[in-house]
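J.: My questions will all concern the structure given below.
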Amino acid sequence: MQKNFSVTGMTCSACSARVQKSVERLDGVQSVSVNLLKNSMSVIFDEKKLGADEIIRAVESAGYGAYPKDAKNRTAEKPERKKADEDLKQMKTRLAVSVCFAVPLFYLSMGHMMNWPLPEFFLGAGNAITLVFTQFLLLLPIIFVNSGYYKVGFRALLHRSPNMDSLIALGSSAAVIYGIYAIYKIGAALGRNDLQTAHAFMMDVYFESAGVILTLITLGKFFEAGAKGKTTGAIEKLMDLSPKTATVIRDGKEYTVAADDVAVGDILSVRSGERIPVDGEIIEGSCFADESAITGESVPAEKTVGDRVTGATTLKSGYIRMKALRVGDETTLSQIVRLVDEATSSKAPIARLADKVSGVFVPVVMGIALIATVVWLLLGKGAEFSLSIGISVLVISCPCALGLATPTAIMVGTGKGAENGILIKSAESLETAHKIQTVVFDKTGTITSGTPEVSNIFTCGGYSENELLSAAASIEKLSEHPLGAAIVKEAEARGIALESAAGFVQTAGRGIRGTINGEEISGGNEKLMRENGLTDESAFSFGEAAAEKGETPLYFSKGGSLMGVICVADPVKAGSTEAIRALHEMRIETVMLTGDNKKTADAVRDQVGIDTVYAEALPQEKEKIISHFRSQGKTVAMVGDGVNDAPALTRADVGIAIGAGTDIAVDSADIVLMKSDISDVVSAIRLSKAVIRNIKQNLFWAFFYNSIGIPIAAGVFFLPFGLKLNPMIGALAMSFSSVFVVTNALRLRFFKFGKSAQGDPPAAEKTETEAKKMTKTLKISSMMCMHCVKHIEDALGSVAGIQEVTVDLESKTATVSFVEDVSDETLVNAVKGAGYDVDEIK
């Protein structure tokens with residue numbers, strides 16, 4: 001059983017390491033993942049041996065708090081965000097109070113040394129007690145508002161699990177205790193009129209160090225909290241998409257209800273401009289739905305009766321009635337949020353080193369501080385010098401940077417992926433993806449569209465294409481074969497009327513026949529035609545040439561003569577060739593597995609440029625092929641539909657389910673691509689590389705900072721170079737080291753998704769063709785809806801020479817891109833042919 005918990009009281013990686021160790025010791029716990037960034041914990045355990053209460057008690061025994069997360073209404077409630085906002089507000093108040101008292105405290109303590117103007121009663125050894133005691137009074141409010149450091153820090157010490165707060169508490173407490181001791185010594189010295197001793201202790205007080213240390217650390221925490229809040233921005237954008245209300249139809253009347261109250265089977269109405277409240281199926285009407293928030297696809301999708309619609313997508317135009325199929329935590333949006341939440345809660349293998357270091361970091365730092373203080377005392381440097389060394393070591397060390405290095409980058413990276421329709425299920429799969437050496441693709445539905453289409457037509461015997469299609473579609477409509485469905489679809493697209501056929505007979509593996517208007521129509525392969533005594537070598541040659549290209553030729557005859565050949569093929573998806581080329585640019589080997597025959601597989605290989613092809617492969621054989629590549633030491637990704645390819649997806653190092661759309665919970669896949677576009681495979685690998693590069697940068701900074709900062713603070717460079725670190729500078733450096741790590745991770749928000757492995761080429765490298773590309777903008781005020789947009793796009797897209805068409809309904813314009821000039825007249829005629837008028841062309 002897996003259960004998620006919120007954990008309170010954690011402030012650094014030492015805390016998360018302590019919590020993890022405490023829970024791992026419990027009998028029945030299988031795995032624990034603690035996320036410092038989200039203050040959360042995910043535990044997989046045997047519920048027969050263990051319960052949530054025992055897990056919570058284990059966390060509490062370690063000195064922290066925990067409570068179970070509510071799995072329901074993920075998209076409706078954001079208690080963690082509310083708490084984060086409250087914490088940020090509280091920290092802002094603490095910072096304001098700290099600054100208000102730290103500024104005069106610093107001025108007062110440093111004024112007599114810097115010759116700054118001070119009141120007379122603060123000057124001279126005779127006023128030492130007034131000066132020092134005033135500093136002490138100014139320090140008290142700073143300690144009070146930042147008392148959390150002391151409560152958490154000393155409690156952690158009592159539980160023998162010191163953390164960053166323990167270092168802060170010890171360092172500042174040492175300064176305060178020594179200052180109080182100095183007050184008594186000054187009082188005693190003045191009582192004896194010993195001004196020299198009073199002056200010496202007046203100069204040794206470190207109240208300003210304690211106050212400024214607490215203020216700077218709070219300042220750093222404030223910036224860190226603000227930056228950390230931005231890391232969850234992508235997830236919260238998704239959560240905010242969830243509609244709060246829905247319109248339910250009951251007894252013929254419409255009622256507005258909370259979206260959470262919608263039940264499976266309810267009939268809902270959705271109008272233009274509204275968000276679809278839950279996942280369902282259209283039972284009436286049609287629309288254009290903007291699914292960009294879910295799939296990342298910017299072009300609205302046309303939906304009609306029988307089509308599935310996804311909750312949280314927006315109706316750009318139209319009106320529908322739909323039947324609710326998935327509600328609450330089962331909707332696509334909820335599952336996306338769950339997948340991203342689980343991914344950000346998991347740990348990447350690269351984080352293990354940081355976790356190991358974090359577990360011993362604070363005790364080691366405390367030991368170094370103590371040793372450094374004692375050594376400098378023994379070297380005769382005095383209490384003031386030695387104490388400042390010890391305090392500097394305590395406050396400069398930063399376990400926070402170690403703890404935040406990995407989760408911040410993973411949080412931002414997975415959130416950025418989710419925004420663009422790339423769902424990464426775990427941090428481990430994200431890390432593995434950057435090492436991929438071989439990508440294995442399923443053919444049907446992955447590289448190709450998976451839906452057969454008519455690719456070519458050859459007529460003979462004096463028949464026209466429309467006559468051939470009419471006869472063929474009329475009998476194919478009675479068959480259930482997908483190739484026949486492609487012919488029917490082509491006839492309907494051309495507006496060809498179908499006739500009723502009688503006496504329909506289908507012979508498996510050979511063909512079909514039926515009677516139309518008293519004449520027999522037959523359809524099938526070349527062998528069937530020859531057996532029926534029908535020969536036309538030109539038609540058969542055409543069919544054989546089509547077969548060589550991976551197309552399936554279907555022959556049709558009427559009466560005693562051959563009408564022609566209709567070739568059907570599963571077309572390669574737009575962008576497949578470019579995606580394969582991008583993978584080759586990244587030096588990644590590409591392989592295609594298919595159950596199709598070798599001739600078809602080779603044709604697809606030649607078209608897209610795949611390196612290796614395995615044809616006629618059964619599902620279990622696909623798994624063996626994946627194992628073969630892995631046995632060669634290669635990191636292998638398998639890209640498939642997540643259902644038929646499940647064994648291979650599971651066997652691969654990274655399983656990628658493509659085109660999952662409204663069924664994203666594909667257990668066998670590690671990464672789910674919401675769009676049916678394999679260019680997202682390239683984007684996923686590039687994103688993985690960017691995240692891992694960012695994590696390495698963060699870890700390098702965290703280790704480098706501590707490995708350099710601690711020796712400097714300990715005074716290692718004092719004797720040879722006279723370099724000594726002021727505790728206040730150490731506190732400032734510590735505060736901003738974690739801010740640096742989080743800010744560096746936030747750079748991933750600007751990651752650009754594109755089909756090129758290397759991004760856009762610089763201007764100097766653009767090809768001659770790109771340089772010559774021209775555009776024209778047509779003003780078309782007569783278009784009124786998304787149907788108009790589609791008609792105009794299709795019309796202009798069919799014009800020879802046009803490379804790209806962008807139609808904007810809001811501005812009522814169409815922009816076309818071309819290399820060789822296309823005349824204005826040609827563009828106007830194309831638009832007129834679709835039923836619209838062009839107002840002007842720019």
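In the structure tokens, each chain is lettered A, B, ... as it comes, each chain's residues begin at 1, and ligands are numbered from 1 in order of appearance.
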Within 8 Å of Lys622 of chain A, counting only C-alpha atoms, which residues show up once you throw out same-chain ones fewer than 2 positions away? Write them as a ChimeraX atom specification, please.
T.: /A:593,617-620,624-626,645,647-648
J.: From a DSSP calculation on the backbone, collect every residue of segment 380-578 of chain A in alpha helix (DSSP H) and output the set as a CSV table (one decimal) with N, CA and C atoms, in the first residue's frame.
T.:
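And here's states10.csv as it stands now:
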chain,number,residue,atom,x,y,z
A,382,GLY,N,43.0,34.0,21.7
A,382,GLY,CA,42.0,34.6,22.5
A,382,GLY,C,40.6,34.2,22.3
A,383,ALA,N,39.8,34.4,23.3
A,383,ALA,CA,38.4,34.0,23.2
A,383,ALA,C,37.6,34.7,22.1
A,384,GLU,N,37.8,36.0,21.9
A,384,GLU,CA,37.1,36.7,20.8
A,384,GLU,C,37.3,36.1,19.5
A,385,PHE,N,38.6,35.9,19.1
A,385,PHE,CA,39.0,35.4,17.8
A,385,PHE,C,38.4,34.0,17.6
A,386,SER,N,38.7,33.2,18.6
A,386,SER,CA,38.3,31.7,18.6
A,386,SER,C,36.8,31.5,18.5
A,387,LEU,N,36.1,32.4,19.3
A,387,LEU,CA,34.6,32.3,19.3
A,387,LEU,C,34.1,32.7,17.9
A,388,SER,N,34.6,33.8,17.3
A,388,SER,CA,34.1,34.2,16.0
A,388,SER,C,34.4,33.1,14.9
A,389,ILE,N,35.5,32.4,15.1
A,389,ILE,CA,35.8,31.3,14.1
A,389,ILE,C,34.7,30.2,14.3
A,390,GLY,N,34.5,29.8,15.5
A,390,GLY,CA,33.5,28.7,15.7
A,390,GLY,C,32.1,29.1,15.2
A,391,ILE,N,31.7,30.4,15.5
A,391,ILE,CA,30.4,30.9,15.0
A,391,ILE,C,30.3,30.9,13.5
A,392,SER,N,31.4,31.3,12.8
A,392,SER,CA,31.5,31.4,11.4
A,392,SER,C,31.3,30.0,10.7
A,393,VAL,N,32.0,29.0,11.3
A,393,VAL,CA,31.8,27.7,10.8
A,393,VAL,C,30.4,27.2,10.9
A,394,LEU,N,29.8,27.5,12.0
A,394,LEU,CA,28.4,27.0,12.2
A,394,LEU,C,27.4,27.7,11.2
A,395,VAL,N,27.6,29.0,11.0
A,395,VAL,CA,26.6,29.7,10.2
A,395,VAL,C,26.8,29.6,8.7
A,396,ILE,N,28.1,29.3,8.3
A,396,ILE,CA,28.3,29.3,6.8
A,396,ILE,C,27.9,28.0,6.2
A,399,PRO,N,23.4,22.9,4.7
A,399,PRO,CA,22.8,21.6,4.2
A,399,PRO,C,21.6,21.8,3.3
A,400,CYS,N,21.0,23.0,3.4
A,400,CYS,CA,19.8,23.3,2.6
A,400,CYS,C,20.1,23.2,1.1
A,401,ALA,N,21.2,23.7,0.7
A,401,ALA,CA,21.6,23.7,-0.7
A,401,ALA,C,21.6,22.3,-1.2
A,402,LEU,N,22.2,21.4,-0.4
A,402,LEU,CA,22.2,19.9,-0.8
A,402,LEU,C,20.9,19.3,-0.9
A,403,GLY,N,20.0,19.7,0.1
A,403,GLY,CA,18.6,19.1,0.1
A,403,GLY,C,17.8,19.6,-1.0
A,404,LEU,N,18.0,20.8,-1.5
A,404,LEU,CA,17.2,21.4,-2.5
A,404,LEU,C,17.7,21.2,-3.9
A,405,ALA,N,18.9,20.8,-4.1
A,405,ALA,CA,19.6,20.7,-5.4
A,405,ALA,C,18.8,19.8,-6.4
A,406,THR,N,18.3,18.7,-5.9
A,406,THR,CA,17.6,17.8,-6.8
A,406,THR,C,16.1,18.0,-6.9
A,407,PRO,N,15.4,18.1,-5.8
A,407,PRO,CA,13.9,18.2,-5.9
A,407,PRO,C,13.4,19.5,-6.6
A,408,THR,N,14.2,20.6,-6.5
A,408,THR,CA,13.7,21.8,-7.2
A,408,THR,C,13.8,21.6,-8.7
A,409,ALA,N,14.9,21.1,-9.2
A,409,ALA,CA,15.0,20.9,-10.6
A,409,ALA,C,14.0,19.9,-11.1
A,410,ILE,N,13.7,18.8,-10.4
A,410,ILE,CA,12.7,17.8,-10.8
A,410,ILE,C,11.3,18.4,-10.8
A,411,MET,N,11.0,19.2,-9.7
A,411,MET,CA,9.7,19.9,-9.7
A,411,MET,C,9.4,20.8,-10.9
A,412,VAL,N,10.4,21.6,-11.2
A,412,VAL,CA,10.2,22.5,-12.3
A,412,VAL,C,10.2,21.8,-13.6
A,413,GLY,N,11.1,20.8,-13.8
A,413,GLY,CA,11.2,20.0,-15.0
A,413,GLY,C,10.0,19.2,-15.3
A,414,THR,N,9.4,18.5,-14.3
A,414,THR,CA,8.2,17.7,-14.6
A,414,THR,C,7.0,18.6,-14.8
A,415,GLY,N,7.0,19.7,-14.1
A,415,GLY,CA,5.9,20.7,-14.3
A,415,GLY,C,5.9,21.3,-15.7
A,416,LYS,N,7.1,21.6,-16.2
A,416,LYS,CA,7.3,22.1,-17.5
A,416,LYS,C,6.8,21.1,-18.5
A,417,GLY,N,7.2,19.8,-18.3
A,417,GLY,CA,6.8,18.8,-19.2
A,417,GLY,C,5.3,18.6,-19.2
A,418,ALA,N,4.6,18.7,-18.0
A,418,ALA,CA,3.2,18.5,-18.0
A,418,ALA,C,2.5,19.6,-18.7
A,419,GLU,N,3.0,20.8,-18.7
A,419,GLU,CA,2.4,22.0,-19.4
A,419,GLU,C,2.4,21.7,-20.9
A,427,ALA,N,11.1,10.4,-10.9
A,427,ALA,CA,12.4,11.1,-11.1
A,427,ALA,C,13.4,10.2,-11.6
A,428,GLU,N,13.3,8.9,-11.3
A,428,GLU,CA,14.2,7.9,-11.9
A,428,GLU,C,14.1,7.8,-13.4
A,429,SER,N,12.9,7.7,-13.9
A,429,SER,CA,12.8,7.7,-15.4
A,429,SER,C,13.2,9.0,-16.0
A,430,LEU,N,13.0,10.1,-15.3
A,430,LEU,CA,13.5,11.4,-15.9
A,430,LEU,C,15.0,11.3,-16.0
A,431,GLU,N,15.7,10.8,-15.0
A,431,GLU,CA,17.2,10.7,-15.0
A,431,GLU,C,17.7,9.7,-16.1
A,432,THR,N,17.0,8.6,-16.2
A,432,THR,CA,17.4,7.5,-17.1
A,432,THR,C,17.3,8.0,-18.5
A,433,ALA,N,16.2,8.9,-18.8
A,433,ALA,CA,16.0,9.3,-20.2
A,433,ALA,C,17.1,10.1,-20.8
A,465,GLU,N,-12.5,8.0,-61.8
A,465,GLU,CA,-12.2,7.7,-60.3
A,465,GLU,C,-13.4,7.7,-59.5
A,466,ASN,N,-14.3,8.6,-59.8
A,466,ASN,CA,-15.6,8.7,-59.0
A,466,ASN,C,-16.4,7.5,-59.2
A,467,GLU,N,-16.5,6.9,-60.4
A,467,GLU,CA,-17.3,5.7,-60.7
A,467,GLU,C,-16.6,4.5,-60.0
A,468,LEU,N,-15.3,4.4,-60.0
A,468,LEU,CA,-14.6,3.4,-59.3
A,468,LEU,C,-14.9,3.5,-57.8
A,469,LEU,N,-14.7,4.7,-57.2
A,469,LEU,CA,-14.9,4.8,-55.8
A,469,LEU,C,-16.4,4.6,-55.4
A,470,SER,N,-17.3,5.0,-56.2
A,470,SER,CA,-18.7,4.7,-55.9
A,470,SER,C,-19.0,3.2,-55.8
A,471,ALA,N,-18.6,2.5,-56.8
A,471,ALA,CA,-18.8,1.0,-56.8
A,471,ALA,C,-18.1,0.4,-55.6
A,472,ALA,N,-16.8,0.7,-55.4
A,472,ALA,CA,-16.0,0.1,-54.4
A,472,ALA,C,-16.6,0.4,-53.0
A,473,ALA,N,-16.9,1.7,-52.7
A,473,ALA,CA,-17.3,2.1,-51.4
A,473,ALA,C,-18.7,1.5,-51.1
A,474,SER,N,-19.5,1.3,-52.1
A,474,SER,CA,-20.9,0.8,-51.9
A,474,SER,C,-20.9,-0.6,-51.4
A,475,ILE,N,-19.9,-1.5,-51.9
A,475,ILE,CA,-19.8,-2.8,-51.3
A,475,ILE,C,-18.9,-2.9,-50.1
A,476,GLU,N,-17.9,-2.0,-50.0
A,476,GLU,CA,-17.0,-2.1,-48.9
A,476,GLU,C,-17.7,-1.6,-47.6
A,482,PRO,N,-10.9,-2.6,-42.0
A,482,PRO,CA,-10.4,-1.2,-41.9
A,482,PRO,C,-9.9,-0.7,-43.3
A,483,LEU,N,-9.4,-1.5,-44.2
A,483,LEU,CA,-9.1,-1.0,-45.5
A,483,LEU,C,-10.3,-0.6,-46.3
A,484,GLY,N,-11.4,-1.3,-46.1
A,484,GLY,CA,-12.7,-0.9,-46.7
A,484,GLY,C,-13.2,0.4,-46.2
A,485,ALA,N,-13.0,0.6,-44.9
A,485,ALA,CA,-13.5,1.8,-44.2
A,485,ALA,C,-12.7,3.0,-44.8
A,486,ALA,N,-11.5,2.8,-45.2
A,486,ALA,CA,-10.7,3.9,-45.7
A,486,ALA,C,-11.3,4.3,-47.1
A,487,ILE,N,-11.7,3.3,-47.9
A,487,ILE,CA,-12.3,3.6,-49.2
A,487,ILE,C,-13.7,4.3,-49.0
A,488,VAL,N,-14.5,3.9,-48.1
A,488,VAL,CA,-15.8,4.6,-47.8
A,488,VAL,C,-15.5,6.0,-47.4
A,489,LYS,N,-14.5,6.2,-46.5
A,489,LYS,CA,-14.2,7.6,-46.0
A,489,LYS,C,-13.8,8.5,-47.2
A,490,GLU,N,-13.0,7.9,-48.1
A,490,GLU,CA,-12.5,8.7,-49.2
A,490,GLU,C,-13.7,9.1,-50.1
A,491,ALA,N,-14.6,8.2,-50.3
A,491,ALA,CA,-15.8,8.5,-51.2
A,491,ALA,C,-16.7,9.5,-50.5
A,492,GLU,N,-16.9,9.4,-49.2
A,492,GLU,CA,-17.7,10.4,-48.5
A,492,GLU,C,-17.0,11.8,-48.5
A,493,ALA,N,-15.7,11.8,-48.4
A,493,ALA,CA,-15.0,13.1,-48.4
A,493,ALA,C,-15.1,13.8,-49.8
A,526,GLU,N,-4.9,-9.3,-56.4
A,526,GLU,CA,-4.6,-9.6,-57.8
A,526,GLU,C,-4.9,-11.1,-58.1
A,527,LYS,N,-4.7,-12.0,-57.2
A,527,LYS,CA,-4.9,-13.4,-57.4
A,527,LYS,C,-6.4,-13.7,-57.7
A,528,LEU,N,-7.3,-13.0,-57.0
A,528,LEU,CA,-8.7,-13.1,-57.2
A,528,LEU,C,-9.1,-12.7,-58.6
A,529,MET,N,-8.6,-11.5,-59.0
A,529,MET,CA,-8.9,-11.0,-60.3
A,529,MET,C,-8.5,-12.0,-61.4
A,530,ARG,N,-7.2,-12.5,-61.3
A,530,ARG,CA,-6.7,-13.4,-62.3
A,530,ARG,C,-7.6,-14.7,-62.4
A,531,GLU,N,-8.0,-15.2,-61.2
A,531,GLU,CA,-8.8,-16.4,-61.1
A,531,GLU,C,-10.2,-16.1,-61.8
A,537,GLU,N,-2.5,-5.8,-67.5
A,537,GLU,CA,-1.2,-5.7,-67.0
A,537,GLU,C,-0.7,-4.4,-66.5
A,538,SER,N,-1.3,-3.3,-67.1
A,538,SER,CA,-1.0,-2.0,-66.6
A,538,SER,C,-1.5,-1.8,-65.2
A,539,ALA,N,-2.7,-2.3,-64.9
A,539,ALA,CA,-3.3,-2.2,-63.5
A,539,ALA,C,-2.5,-3.0,-62.6
A,540,PHE,N,-2.1,-4.3,-63.0
A,540,PHE,CA,-1.3,-5.1,-62.1
A,540,PHE,C,0.1,-4.6,-61.8
A,541,SER,N,0.7,-3.9,-62.8
A,541,SER,CA,2.0,-3.3,-62.7
A,541,SER,C,1.9,-2.1,-61.7
A,542,PHE,N,0.8,-1.4,-61.8
A,542,PHE,CA,0.6,-0.3,-60.9
A,542,PHE,C,0.5,-0.8,-59.4
A,543,GLY,N,-0.3,-1.9,-59.3
A,543,GLY,CA,-0.5,-2.5,-58.0
A,543,GLY,C,0.8,-3.0,-57.4
A,544,GLU,N,1.6,-3.6,-58.2
A,544,GLU,CA,2.9,-4.2,-57.7
A,544,GLU,C,3.8,-3.1,-57.3
A,545,ALA,N,3.8,-2.0,-58.0
A,545,ALA,CA,4.7,-0.8,-57.7
A,545,ALA,C,4.2,-0.2,-56.3
A,546,ALA,N,2.9,-0.2,-56.1
A,546,ALA,CA,2.4,0.4,-54.9
A,546,ALA,C,2.7,-0.5,-53.7
A,547,ALA,N,2.7,-1.9,-53.9
A,547,ALA,CA,3.0,-2.8,-52.9
A,547,ALA,C,4.5,-2.6,-52.5
A,548,GLU,N,5.4,-2.3,-53.5
A,548,GLU,CA,6.8,-2.1,-53.2
A,548,GLU,C,7.0,-0.9,-52.2
A,576,SER,N,7.2,12.7,-38.2
A,576,SER,CA,7.9,11.5,-37.9
A,576,SER,C,9.4,11.5,-38.4
A,577,THR,N,9.5,11.9,-39.7
A,577,THR,CA,10.8,12.0,-40.4
A,577,THR,C,11.7,13.0,-39.6
A,578,GLU,N,11.1,14.1,-39.3
A,578,GLU,CA,11.9,15.2,-38.6
A,578,GLU,C,12.4,14.7,-37.2
J.: Considering only C-alpha atoms, state which residue in the set A:Ala169, A:Leu377, A:Ile129, A:Val742 is at the smallest distance from Lys185 of chain A.
T.: A:Ile129
J.: Please report the interatomic distance between atom CA of Ile180 of chain A and atom CA of Phe136 of chain A in Å with one decimal.
T.: 8.1 Å
J.: Applying 12 Å and only C-alpha atoms, which residues near Asp53 of chain A remain after dropping the ones on its own chain fewer than 2 positions away? List them as a ChimeraX atom specification.
T.: /A:3,5,23,26,47,49-51,55-60,65-68
J.: Those residues you just picked out, can you put them in a file as an mmCIF file, in the first residue's frame with N, CA, C and O atoms?
T.:
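Saved as result.cif:
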data_model
loop_
_atom_site.group_PDB
_atom_site.id
_atom_site.type_symbol
_atom_site.label_atom_id
_atom_site.label_comp_id
_atom_site.auth_asym_id
_atom_site.auth_seq_id
_atom_site.Cartn_x
_atom_site.Cartn_y
_atom_site.Cartn_z
ATOM 1 N N LYS A 3 0.976 5.409 0.698
ATOM 2 C CA LYS A 3 0.266 6.504 1.342
ATOM 3 C C LYS A 3 1.172 7.725 1.386
ATOM 4 O O LYS A 3 2.377 7.615 1.599
ATOM 5 N N PHE A 5 2.053 11.572 2.982
ATOM 6 C CA PHE A 5 1.928 12.345 4.214
ATOM 7 C C PHE A 5 2.518 13.737 4.014
ATOM 8 O O PHE A 5 3.457 13.917 3.234
ATOM 9 N N VAL A 23 11.462 6.373 9.577
ATOM 10 C CA VAL A 23 10.356 5.585 9.021
ATOM 11 C C VAL A 23 10.873 4.274 8.432
ATOM 12 O O VAL A 23 10.219 3.236 8.524
ATOM 13 N N LEU A 26 10.924 1.043 10.566
ATOM 14 C CA LEU A 26 9.684 0.344 10.922
ATOM 15 C C LEU A 26 9.549 -0.964 10.156
ATOM 16 O O LEU A 26 9.820 -1.025 8.951
ATOM 17 N N GLU A 47 0.286 -3.107 4.786
ATOM 18 C CA GLU A 47 -0.741 -2.657 5.712
ATOM 19 C C GLU A 47 -1.127 -3.734 6.741
ATOM 20 O O GLU A 47 -1.773 -3.422 7.741
ATOM 21 N N LYS A 49 1.144 -5.307 8.474
ATOM 22 C CA LYS A 49 2.129 -5.167 9.547
ATOM 23 C C LYS A 49 2.157 -3.771 10.154
ATOM 24 O O LYS A 49 2.651 -3.578 11.258
ATOM 25 N N LEU A 50 1.639 -2.804 9.407
ATOM 26 C CA LEU A 50 1.861 -1.416 9.786
ATOM 27 C C LEU A 50 0.664 -0.557 9.396
ATOM 28 O O LEU A 50 -0.047 -0.860 8.447
ATOM 29 N N GLY A 51 0.444 0.522 10.144
ATOM 30 C CA GLY A 51 -0.622 1.457 9.843
ATOM 31 C C GLY A 51 -0.089 2.874 9.775
ATOM 32 O O GLY A 51 1.055 3.149 10.146
ATOM 33 N N ILE A 55 3.403 5.148 11.491
ATOM 34 C CA ILE A 55 4.315 5.962 10.665
ATOM 35 C C ILE A 55 4.379 7.386 11.210
ATOM 36 O O ILE A 55 5.458 7.976 11.332
ATOM 37 N N ILE A 56 3.227 7.928 11.557
ATOM 38 C CA ILE A 56 3.179 9.292 12.115
ATOM 39 C C ILE A 56 3.944 9.358 13.431
ATOM 40 O O ILE A 56 4.700 10.308 13.685
ATOM 41 N N ARG A 57 3.793 8.329 14.276
ATOM 42 C CA ARG A 57 4.510 8.315 15.564
ATOM 43 C C ARG A 57 6.030 8.243 15.349
ATOM 44 O O ARG A 57 6.800 8.849 16.097
ATOM 45 N N ALA A 58 6.448 7.514 14.312
ATOM 46 C CA ALA A 58 7.885 7.425 14.026
ATOM 47 C C ALA A 58 8.442 8.787 13.626
ATOM 48 O O ALA A 58 9.549 9.165 14.035
ATOM 49 N N VAL A 59 7.660 9.524 12.844
ATOM 50 C CA VAL A 59 8.081 10.869 12.443
ATOM 51 C C VAL A 59 8.133 11.786 13.664
ATOM 52 O O VAL A 59 9.080 12.567 13.833
ATOM 53 N N GLU A 60 7.125 11.679 14.522
ATOM 54 C CA GLU A 60 7.082 12.521 15.727
ATOM 55 C C GLU A 60 8.229 12.195 16.681
ATOM 56 O O GLU A 60 8.778 13.087 17.331
ATOM 57 N N GLY A 65 6.524 16.635 12.724
ATOM 58 C CA GLY A 65 5.100 16.310 12.698
ATOM 59 C C GLY A 65 4.708 15.728 11.362
ATOM 60 O O GLY A 65 5.374 15.967 10.349
ATOM 61 N N ALA A 66 3.610 14.966 11.326
ATOM 62 C CA ALA A 66 3.140 14.381 10.062
ATOM 63 C C ALA A 66 1.642 14.139 10.133
ATOM 64 O O ALA A 66 1.090 13.889 11.214
ATOM 65 N N TYR A 67 0.994 14.244 8.978
ATOM 66 C CA TYR A 67 -0.429 13.896 8.885
ATOM 67 C C TYR A 67 -0.706 13.419 7.461
ATOM 68 O O TYR A 67 -0.045 13.854 6.511
ATOM 69 N N PRO A 68 -1.683 12.504 7.295
ATOM 70 C CA PRO A 68 -1.955 11.946 5.961
ATOM 71 C C PRO A 68 -2.530 13.000 5.028
ATOM 72 O O PRO A 68 -3.272 13.895 5.445
#
J.: For atom CA of Ala156 of chain A and atom CA of Met10 of chain A, quote the distance in Å rounded to one decimal.
T.: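 Answer for the atom CA of Ala156 of chain A to atom CA of Met10 of chain A separation: 10.1 Å.
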J.: In terms of the shortest atom-to-atom distance over only C-alpha atoms, which of A:Ile566, A:Ile249, A:Ile350, A:Val672 is closest to Asn698 of chain A?
T.: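 Of A:Ile566, A:Ile249, A:Ile350, A:Val672, the one nearest Asn698 of chain A, counting only C-alpha atoms, is A:Ile350.
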